[in-house]
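A.B. asks: Shown below is the structure under consideration.
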Amino acid sequence: MKEELFVSGRDIPFIDPVLHIWHWQIPLYLFVGGLAAGLIFFASYFYLSGKEKEYPIAVQVAPFLAPIVIVLGLIALLLDLRHPAFFWQLYTTIRLDSPMSWGAWTLGVVMPLSVLWPLTYIYEIRAYFDGKIKLAVNIIDWIIKLKNRYWVLEWVFDFSVKNRKAIAIINLVLSIVLGVYTGILLSAFNARPLWNTSLLGPLFLVSGLSTGAATIMWMAKDHHEKITFSRIDLLLIAIELFFIVHLFMGFLASTAVQQEAAALFLGGEFTAVFWGFFVMGGLVFPAILEILELIGYKIPISIPAFFILFGGALFRFIMVEAGQITRYLY
Amino acid sequence: MRYAMAMDTKKCVGCSDCVVACQTENNVPHGYCRDWIVENVDGTYPNLELELRSERCNHCDDTPCVRTCPTGASHIIEGGIVKVTHVECIGCGACIQACPYDARYFHPDGYVDKCTFCDHRVAKGQETACVAVCPTKCLYFGDLEDYNSPVSKVLRERKWKVNAPEAGTKPQVYFLI
Amino acid sequence: MKKTSRRDFIKISALGAGGLALANPVLNWVPGFLPKEKTPVDESKAKRFPTFCEVCFWKCAGFTYLNEEGKIQKIIGNENDPHSNGRFCPRGTGGVGMYYDNDRLKYPLKRVVENGKSTFKQVSWDEALDFIAQKMSQIKKDHGPESMALLYHASSGSYFKHLLNAYGSKNYAKPSYAQCLGPREAGFVATYGSGVSSPEPTDVKNTKCLVLIGNHVGENMHNGYIQEVSDAIDRGASIITVDPRFSTVASKSKFWLPIKPATDLALLLAWIHVIIYEELYDKKYVEQYTFGFDQLKAHVKNNTPEWAYTKTDIRPEDIRNSAYEMAKAAPAVIIHPGRHTTWYGDDTQRSRGIAILNALLGSYGRKGGWYFPETKKVPSYPAPAYPHPHWTWKDITKPTYKGAGTGISNDLIKATLPSATHEHKIKGWLIVGTNLLTTIPDKELTLKAIQNLELMVVVDTMPMEITGYADIVLPECTYLERYDDIRSSQHRYPNIALRMPAAEPRWESKPGWWMARELGLRLGLEDYFKWKDVEEELDWKFKQMGTSLAEMQKIGVKMFDKEKDLYLQEGEERFFNTDSGKIELYSLDFEAKGYDPMPVYTEHKQPDPDFYRLIYGRAPMHTFGRTVNNPNLTDLMDVNSLWVNPKVAKIWGIEAGQEIWLKNQDGVISSFPIKVRVTERIRHDSVYMIHGFGKMDKRLKSYGKGIDDSELITNVKIDPIMGGTGMRENFVTFVLKNPHNEEVKA
């Protein structure tokens with residue numbers, strides 16, 4: 001019989017018996033990061049491809065969510081910090097090796113740009129909510145009032161409208177950086193065998209785009225826009241499934257610690273939640289609903305959209321939780 | 001200069017003096033530790049093997065903890081000692097996730113804390129607190145680039161291994177076997 | 001006076017729960033808005049005070065360092081100290097936790113009855129001491145001073161011993177004799193005319209072969225000893241370990257002999273047989289220094305390795321090969337006497353076997369074997385001669401246990417019972433730094449004796465099970481806050497060490513010397529305490545030895561020149577303090593007293609089906625039950641576990657980490673559960689746990705953590721020679737469901 005134990009010392013909070021230093025904040029942060037990346041990506045992409053009129057929700061309306069969820073993400077991130085009084089240290093240095101530093105700076109740049117974009121469509125957004133959500137309309141009216149009162153804001157507004165194309169180009173790039181970053185953040189940690197795979201970056205990017213597409217699809221009024229984003233989603237789900245299969249094939253062909261990591265999902269404690277709730281509930285089930293809808297069945301679009309968003313969030317929670325359990329020693 | 005530590009598994013009795021000496025030397029709060037003891041048992045009664053190891057931060061040559069730190073709080077000083085500047089640390093936990101040895105922890109005050117190879121003592125020519133106290137003298141410390149340092153000598157004379165070499169961090173705590 | 005009802009257990013810390021709030025980590029958590037990093041102490045600038053450690057009996061000397069705030073920070077060994085060589089063990093290093101422990105005894109307490117219930121009342125020192133003095137005077141008047149007994153282990157016991165002597169009693173005892181090292185002392189006295197004493201004068205530093213019989217050095221952290229063992233490993237010395245458990249040192253041994261428990265004497269006799277019959281003994285040495293070789297040779301004729309195999313489960317070739325290993329190394333070989341040797345009731349005879357084997361190999365008084373230790377004589381401060389008591393512990397103990405060398409704690413306890421048959425009755429106990437209820441087996445008997453006392457005083461730093469039964473509890477400050485008597489220990493070189501305070505006593509705790517002196521003054525014994533304070537007394541003593549308190553406060557440890565040789569000189573004539581003047585392989589003294597003059601193997605009980613022998617031992621980070629509340633040391637280990645062989649665990653369906661209860665052969669069930677460690681390191685017929693856990697006092701942090709083995713030790717095998725209490729013939733079975741719940745339901 002082999003036996004391994006700590007004689008003394010190691011019973012440290014959040015480290016032993018298994019690492020658990022990241023709780024709900026980081027997965028939430030990763031989820032909203034991916035969602036924001038998706039929203040900004042589609043807005044920029046369809047704007048640049050001249051399909052603003054064809055997909056008004058995607059280009060004009062939905063991006064207003066981006067700064068809101070990014071703020072939520074930043075709050076989550078701040079809550080995660082154990083020494084938050086020193087958070088400003090993030091912006092005293094740029095560390096190219098550190099994904100955390102990348103993330104801080106990316107968000108630092110994305111955040112203002114993500115505000116500028118919906119600001120240029122503020123009247124369209126108002127029109128979207130008009131007669132539907134009074135509170136939203138009031139807030140927008142208040143912003144418009146502010147804009148009219150202060151020349152600086154007026155100038156920013158005019159400047160942004162005039163430079164929409166430039167903003168879209170920058171946003172397109174940044175949204176991909178943001179989307180990939182949410183995956184790279186984890187895969188940079190070689191010490192956690194589950195995260196130690198280059199597939200995680202693309203997988204998170206695709207998953208983020210998919211949640212963005214689902215949100216647009218949910219918000220869309222026009223059938224054509226709904227169907228288009230439903231199709232996009234289907235494609236993204238297919239790619240995700242492809243990546244997931246490859247992820248596990250990669251793990252099983254790799255080192256012992258990565259095989260152990262994969263075992264968590266192949267019979268281990270995460271098997272049911274991963275395959276049952278995420279893969280089936282968050283990918284396959286909404287995909288089937290979307291296919292049914294595409295072939296003509298009447299299905300409220302909110303149902304697949306909700307499941308995709310739910311699946312996207314769950315995926316990040318699972319990956320962060322499970323990843324921390326996997327380790328080289330002990 | 002390249003500081004390193006060697007630990008003789010053949011002499012260690014797992015008494016944990018290194019753990020408590022580190023605590024009283026470095027004000028490590030109760031419930032936390034910068035070094036610890038691992039016991040491995042292998043075999044079937046009565047054909048058994050027992051290995052005891054006093055482990056700590058490996059002060060690796062390749063430092064994922066320093067790399068992933070977003071503020072530069074984690075850094076390397078003279079001799080390859082990996083340190084954390086407490087007032088630069090935001091407590092994000094990235095370095096903790098990055099360490100394959102789980103050698104770092106959140107100090108109750110929020111910043112990340114870890115073994116410093118007692119750089120404050122080493123700078124004065126003293127041994128680290130754990131080395132100085134060890135009743136079995138199973139810990140060796142010194143400069144690998146100095147041919148005559150205790151650690152260079154013992155690594156030349158004895159067989160050794162390191163923990164989790166496959167993690168690729170080039171750890172600098174050696175275990176004599 | 002009604003005593004049976006009033007002397008029930010009072011939970012002490014109920015009175016002083018002030019420290020609890022601070023222990024909450026949530027409240028202690030302060031967000032780090034400001035950097036408030038504590039910097040390590042700079043040893044070259046820091047204030048330091050010499051001390052010697054009180055966490056165990058090894059008494060290593062070192063220095064207590066203060067930090068910049070002037071508070072105790074750390075304790076570091078004194079490099080000139082032969083006990084520590086500048087390196088403290090984990091307990092010594094963690095000794096600061098004794099000072100910082102907020103569960104400590106804080107104020108003098110007196111037992112009072114309130115609303116028909118016994119409780120402790122905080123009283124002034126004057127009230128407490130006056131009460132004790134008045135009671136002691138009463139006992140002297142009614143029964144004679146001899147009826148007052150002192151049971152002690154702490155260093156400050158020395159001043160209380162002086163007090164008791166001056167008062168007129170010589171009835172003092174340390175549990176460390178009859179509950180621990182007594183048998184080996186008696187066995188060595190019978191063989192060599194002098195005991196082993198502490199630290200053991202084994203020349204491990206120079207040995208080529210170290211034989212350990214149940215001695216788990218490294219787990220018992222006898223500092224200087226383990227340091228020398230480690231050096232011996234470096235030098236390539238071979239170690240032979242006899243233990244049913246794969247102890248830490250067994251894993252470092254050339255031979256590990258996984259013996260069937262309770263058969264050690266069979267192995268020893270077989271080794272003696274091999275050494276004699278294969279003529280491997282030191283002929284010159286045996287001829288010159290020993291007595292009774294021929295009788296011994298005839299005596300062990302049939303104790304062949306083949307015979308021993310049937311008893312010990314150790315293969316004959318392993319017995320032979322290990323004997324050859326010893327012979328090859330002789331005389332640089334040590335068959336270690338062990339320390340805790342009260343196992344099966346025939347322990348003096350087993351120790352005799354060890355002593356004899358050493359003699360045959362010629363290791364006693366030889367380099368790499370046993371050296372002749374020297375001790376610096378400490379003069380006594382001038383005082384009148386002690387009054388001559390009419391009777392002493394010898395009158396109680398010696399008629400039965402003729403080989404006893406010092407007072408026997410459990411005999412003094414028995415002499416307190418109304419059922420004691422002799423006329424020498426004990427009426428008052430002064431207990432200094434020992435938790436009688438867990439150190440003395442058969443707790444029920446001790447509790448019965450307690451009910452029959454007229455005075456019971458407990459002096460300690462921590463609330464222990466025993467403190468709950470006292471009339472008066474006197475809070476002693478820890479060793480870091482007090483002076484104590486000079487440490488003068490036997491070693492290669494005569495040496496002395498000073499302990500001095502590094503901090504003011506916390507709360508109202510006081511040093512033992514002060515309590516003893518104050519009681520002396522109140523008892524009209526001022527002639528015996530002519531010094532004003534201990535500094536004056538110590539300074540006088542130091543000056544007689546050619547130093548001074550001032551010098552000792554700087555250096556901490558002083559070594560003196562040797563007056564005797566460390567080893568026997570070639571062909572040296574030597575007188576041993578035995579009847580024959582030689583090393584007695586055949587003990588004339590034992591023969592005269594009616595004991596076996598040479599050790600005879602006796603069978604001991606082996607466990608019934610479903611029962612396992614309860615083996616207990618030490619962890620390097622704890623000293624029995626005295627440290628399990630120390631915050632620094634509980635960080636290292638805060639609970640014990642039960643080692644169970646995987647085969648046994650499988651039969652029972654027990655998993656690693658599962659909590660179970662234990663029931664012994666007498667139906668005693670453990671108060672608390674214990675977590676199982678399934679490990680190959682233990683034999684299938686035994687279970688193992690670390691002694692000292694399972695504290696009963698709810699207000700201690702350590703309450704209910706693990707099992708206290710001593711509550712399961714109800715079958716005590718008394719050594720007929722010296723009265724030791726053999727504790728290793730207890731067997732336990734597993735109780736998988738909480739037995740205490742069922743009781744409540746029923």
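Residues in the structure tokens are numbered from 1 in each chain, the chains being A, B, ... in the order shown, and ligands are numbered from 1 in the order shown.
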Using only C-alpha atoms, determine which residues of chain C fall within 7 Å of chain B; present them as JSON, numbers by chain.
C.D. replies: {"C": [29, 30, 31, 32, 35, 38, 40, 73, 74, 87, 88, 89, 90, 93, 94, 218, 223, 226, 227, 230, 248, 251, 252, 258, 620, 621, 632, 635, 680, 681]}
A.B. asks: Give the alpha helix (DSSP H) residues of region 69-285 of chain A, as assigned by DSSP on the backbone, as a PyMOL selection string.
C.D. replies: chain A and resi 69-80+99-120+122-129+134-149+151-162+164-187+200-219+223-252+256-263+271+285
A.B. asks: Within 12 Å of region 80-88 of chain A, counting only C-alpha atoms, which residues show up once you throw out same-chain ones fewer than 4 positions away? Write them as a PyMOL selection string, please.
C.D. replies: (chain A and resi 21-29+73-76+92-93+100-101+104-105+108) or (chain B and resi 70-71+73+85-94+105-113) or (chain C and resi 29-35)
A.B. asks: Excluding Val735 (chain C) and its own-chain neighbours fewer than 5 positions away, which residues fall within 12 Å of it when counting only C-alpha atoms? Please give them as a PDB file with N, CA, C and O atoms, in the first residue's frame.
C.D. replies:
ATOM      1  N   ASP C 610     -10.546 -10.268  17.619  1.00  0.00           N
ATOM      2  CA  ASP C 610     -11.192  -8.950  17.488  1.00  0.00           C
ATOM      3  C   ASP C 610     -10.602  -7.898  18.429  1.00  0.00           C
ATOM      4  O   ASP C 610     -11.083  -6.770  18.474  1.00  0.00           O
ATOM      5  N   PHE C 611      -9.610  -8.264  19.197  1.00  0.00           N
ATOM      6  CA  PHE C 611      -8.937  -7.286  20.055  1.00  0.00           C
ATOM      7  C   PHE C 611      -7.514  -7.065  19.546  1.00  0.00           C
ATOM      8  O   PHE C 611      -6.924  -7.952  18.929  1.00  0.00           O
ATOM      9  N   TRP C 652     -12.704  -5.141   9.138  1.00  0.00           N
ATOM     10  CA  TRP C 652     -13.712  -4.353   9.857  1.00  0.00           C
ATOM     11  C   TRP C 652     -14.497  -3.427   8.919  1.00  0.00           C
ATOM     12  O   TRP C 652     -15.467  -2.799   9.350  1.00  0.00           O
ATOM     13  N   GLY C 653     -14.034  -3.315   7.697  1.00  0.00           N
ATOM     14  CA  GLY C 653     -14.682  -2.365   6.784  1.00  0.00           C
ATOM     15  C   GLY C 653     -14.457  -0.921   7.188  1.00  0.00           C
ATOM     16  O   GLY C 653     -15.314  -0.068   6.978  1.00  0.00           O
ATOM     17  N   ILE C 654     -13.281  -0.669   7.787  1.00  0.00           N
ATOM     18  CA  ILE C 654     -12.978   0.685   8.235  1.00  0.00           C
ATOM     19  C   ILE C 654     -12.170   1.407   7.165  1.00  0.00           C
ATOM     20  O   ILE C 654     -11.248   0.832   6.584  1.00  0.00           O
ATOM     21  N   GLN C 658     -11.885   7.502   8.929  1.00  0.00           N
ATOM     22  CA  GLN C 658     -13.151   7.241   9.631  1.00  0.00           C
ATOM     23  C   GLN C 658     -12.966   7.412  11.142  1.00  0.00           C
ATOM     24  O   GLN C 658     -11.928   7.085  11.692  1.00  0.00           O
ATOM     25  N   GLU C 659     -13.988   7.932  11.791  1.00  0.00           N
ATOM     26  CA  GLU C 659     -13.918   8.097  13.244  1.00  0.00           C
ATOM     27  C   GLU C 659     -14.521   6.880  13.930  1.00  0.00           C
ATOM     28  O   GLU C 659     -15.649   6.488  13.631  1.00  0.00           O
ATOM     29  N   ILE C 660     -13.751   6.306  14.858  1.00  0.00           N
ATOM     30  CA  ILE C 660     -14.273   5.156  15.600  1.00  0.00           C
ATOM     31  C   ILE C 660     -14.000   5.352  17.083  1.00  0.00           C
ATOM     32  O   ILE C 660     -13.213   6.204  17.483  1.00  0.00           O
ATOM     33  N   TRP C 661     -14.663   4.562  17.898  1.00  0.00           N
ATOM     34  CA  TRP C 661     -14.432   4.568  19.332  1.00  0.00           C
ATOM     35  C   TRP C 661     -13.718   3.259  19.696  1.00  0.00           C
ATOM     36  O   TRP C 661     -13.759   2.309  18.909  1.00  0.00           O
ATOM     37  N   LEU C 662     -13.097   3.251  20.847  1.00  0.00           N
ATOM     38  CA  LEU C 662     -12.399   2.050  21.270  1.00  0.00           C
ATOM     39  C   LEU C 662     -12.976   1.537  22.580  1.00  0.00           C
ATOM     40  O   LEU C 662     -13.402   2.326  23.431  1.00  0.00           O
ATOM     41  N   LYS C 663     -12.972   0.206  22.706  1.00  0.00           N
ATOM     42  CA  LYS C 663     -13.416  -0.415  23.956  1.00  0.00           C
ATOM     43  C   LYS C 663     -12.320  -1.362  24.392  1.00  0.00           C
ATOM     44  O   LYS C 663     -11.817  -2.138  23.565  1.00  0.00           O
ATOM     45  N   ASN C 664     -11.935  -1.311  25.669  1.00  0.00           N
ATOM     46  CA  ASN C 664     -10.846  -2.195  26.090  1.00  0.00           C
ATOM     47  C   ASN C 664     -11.370  -3.486  26.690  1.00  0.00           C
ATOM     48  O   ASN C 664     -12.583  -3.708  26.773  1.00  0.00           O
ATOM     49  N   GLY C 667     -14.073  -3.470  29.176  1.00  0.00           N
ATOM     50  CA  GLY C 667     -15.341  -2.832  28.804  1.00  0.00           C
ATOM     51  C   GLY C 667     -15.313  -1.318  28.861  1.00  0.00           C
ATOM     52  O   GLY C 667     -16.349  -0.668  28.690  1.00  0.00           O
ATOM     53  N   VAL C 668     -14.156  -0.722  29.116  1.00  0.00           N
ATOM     54  CA  VAL C 668     -14.074   0.740  29.158  1.00  0.00           C
ATOM     55  C   VAL C 668     -14.106   1.283  27.727  1.00  0.00           C
ATOM     56  O   VAL C 668     -13.348   0.831  26.873  1.00  0.00           O
ATOM     57  N   ILE C 669     -15.014   2.230  27.498  1.00  0.00           N
ATOM     58  CA  ILE C 669     -15.140   2.808  26.156  1.00  0.00           C
ATOM     59  C   ILE C 669     -14.530   4.199  26.164  1.00  0.00           C
ATOM     60  O   ILE C 669     -14.699   4.969  27.119  1.00  0.00           O
ATOM     61  N   SER C 670     -13.840   4.522  25.104  1.00  0.00           N
ATOM     62  CA  SER C 670     -13.192   5.836  25.029  1.00  0.00           C
ATOM     63  C   SER C 670     -14.244   6.941  25.057  1.00  0.00           C
ATOM     64  O   SER C 670     -15.340   6.784  24.517  1.00  0.00           O
ATOM     65  N   SER C 671     -13.906   8.075  25.665  1.00  0.00           N
ATOM     66  CA  SER C 671     -14.847   9.188  25.745  1.00  0.00           C
ATOM     67  C   SER C 671     -15.094   9.798  24.382  1.00  0.00           C
ATOM     68  O   SER C 671     -16.174  10.289  24.102  1.00  0.00           O
ATOM     69  N   PHE C 672     -14.046   9.799  23.572  1.00  0.00           N
ATOM     70  CA  PHE C 672     -14.129  10.481  22.284  1.00  0.00           C
ATOM     71  C   PHE C 672     -13.808   9.498  21.154  1.00  0.00           C
ATOM     72  O   PHE C 672     -13.200   8.465  21.390  1.00  0.00           O
ATOM     73  N   PRO C 673     -14.181   9.863  19.949  1.00  0.00           N
ATOM     74  CA  PRO C 673     -13.764   9.039  18.809  1.00  0.00           C
ATOM     75  C   PRO C 673     -12.352   9.412  18.369  1.00  0.00           C
ATOM     76  O   PRO C 673     -11.813  10.435  18.786  1.00  0.00           O
ATOM     77  N   ILE C 674     -11.790   8.581  17.514  1.00  0.00           N
ATOM     78  CA  ILE C 674     -10.461   8.842  16.975  1.00  0.00           C
ATOM     79  C   ILE C 674     -10.492   8.507  15.489  1.00  0.00           C
ATOM     80  O   ILE C 674     -11.205   7.594  15.064  1.00  0.00           O
ATOM     81  N   VAL C 676      -9.099   7.038  12.069  1.00  0.00           N
ATOM     82  CA  VAL C 676      -8.257   5.892  11.748  1.00  0.00           C
ATOM     83  C   VAL C 676      -7.240   6.279  10.683  1.00  0.00           C
ATOM     84  O   VAL C 676      -7.576   6.943   9.708  1.00  0.00           O
ATOM     85  N   HIS C 740     -21.882   6.556  22.878  1.00  0.00           N
ATOM     86  CA  HIS C 740     -22.406   7.490  23.879  1.00  0.00           C
ATOM     87  C   HIS C 740     -23.807   7.948  23.512  1.00  0.00           C
ATOM     88  O   HIS C 740     -24.606   8.248  24.370  1.00  0.00           O
ATOM     89  N   GLU C 742     -26.044   6.012  22.111  1.00  0.00           N
ATOM     90  CA  GLU C 742     -26.925   4.915  22.503  1.00  0.00           C
ATOM     91  C   GLU C 742     -27.268   4.982  23.980  1.00  0.00           C
ATOM     92  O   GLU C 742     -28.403   4.763  24.386  1.00  0.00           O
TER      93      GLU C 742
END
A.B. asks: Please compute the CA of Ala133 (chain C)-CA of Leu480 (chain C) distance, one decimal, in Å.
C.D. replies: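 Between CA of Ala133 (chain C) and CA of Leu480 (chain C) the gap works out to 27.7 Å.
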A.B. asks: So which residues touch region 436-443 of chain C within 6 Å, counting only C-alpha atoms, skipping near sequence neighbours fewer than 2 positions away, as a list in words?
C.D. replies: Thr434, Leu445, Thr446, Ile466, Ser710 and Thr714 of chain C
A.B. asks: Write out the residues from the selection above, keeping N, CA and C atoms, as a CSV table (one decimal), in the first residue's frame.
C.D. replies:
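Printed below is result04.csv as written:
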chain,number,residue,atom,x,y,z
C,434,THR,N,2.4,18.1,37.3
C,434,THR,CA,2.2,16.8,36.8
C,434,THR,C,0.7,16.5,36.8
C,445,LEU,N,-8.8,4.8,40.9
C,445,LEU,CA,-8.1,4.6,42.1
C,445,LEU,C,-7.6,6.0,42.6
C,446,THR,N,-7.0,6.7,41.7
C,446,THR,CA,-6.5,8.1,42.0
C,446,THR,C,-7.7,8.9,42.5
C,466,ILE,N,-6.2,17.1,36.5
C,466,ILE,CA,-6.0,17.1,38.0
C,466,ILE,C,-6.4,18.4,38.7
C,710,SER,N,-4.6,6.7,28.1
C,710,SER,CA,-4.6,6.3,29.5
C,710,SER,C,-5.9,5.9,30.1
C,714,THR,N,-6.5,0.1,31.9
C,714,THR,CA,-7.0,-0.3,33.2
C,714,THR,C,-6.4,-1.5,33.7
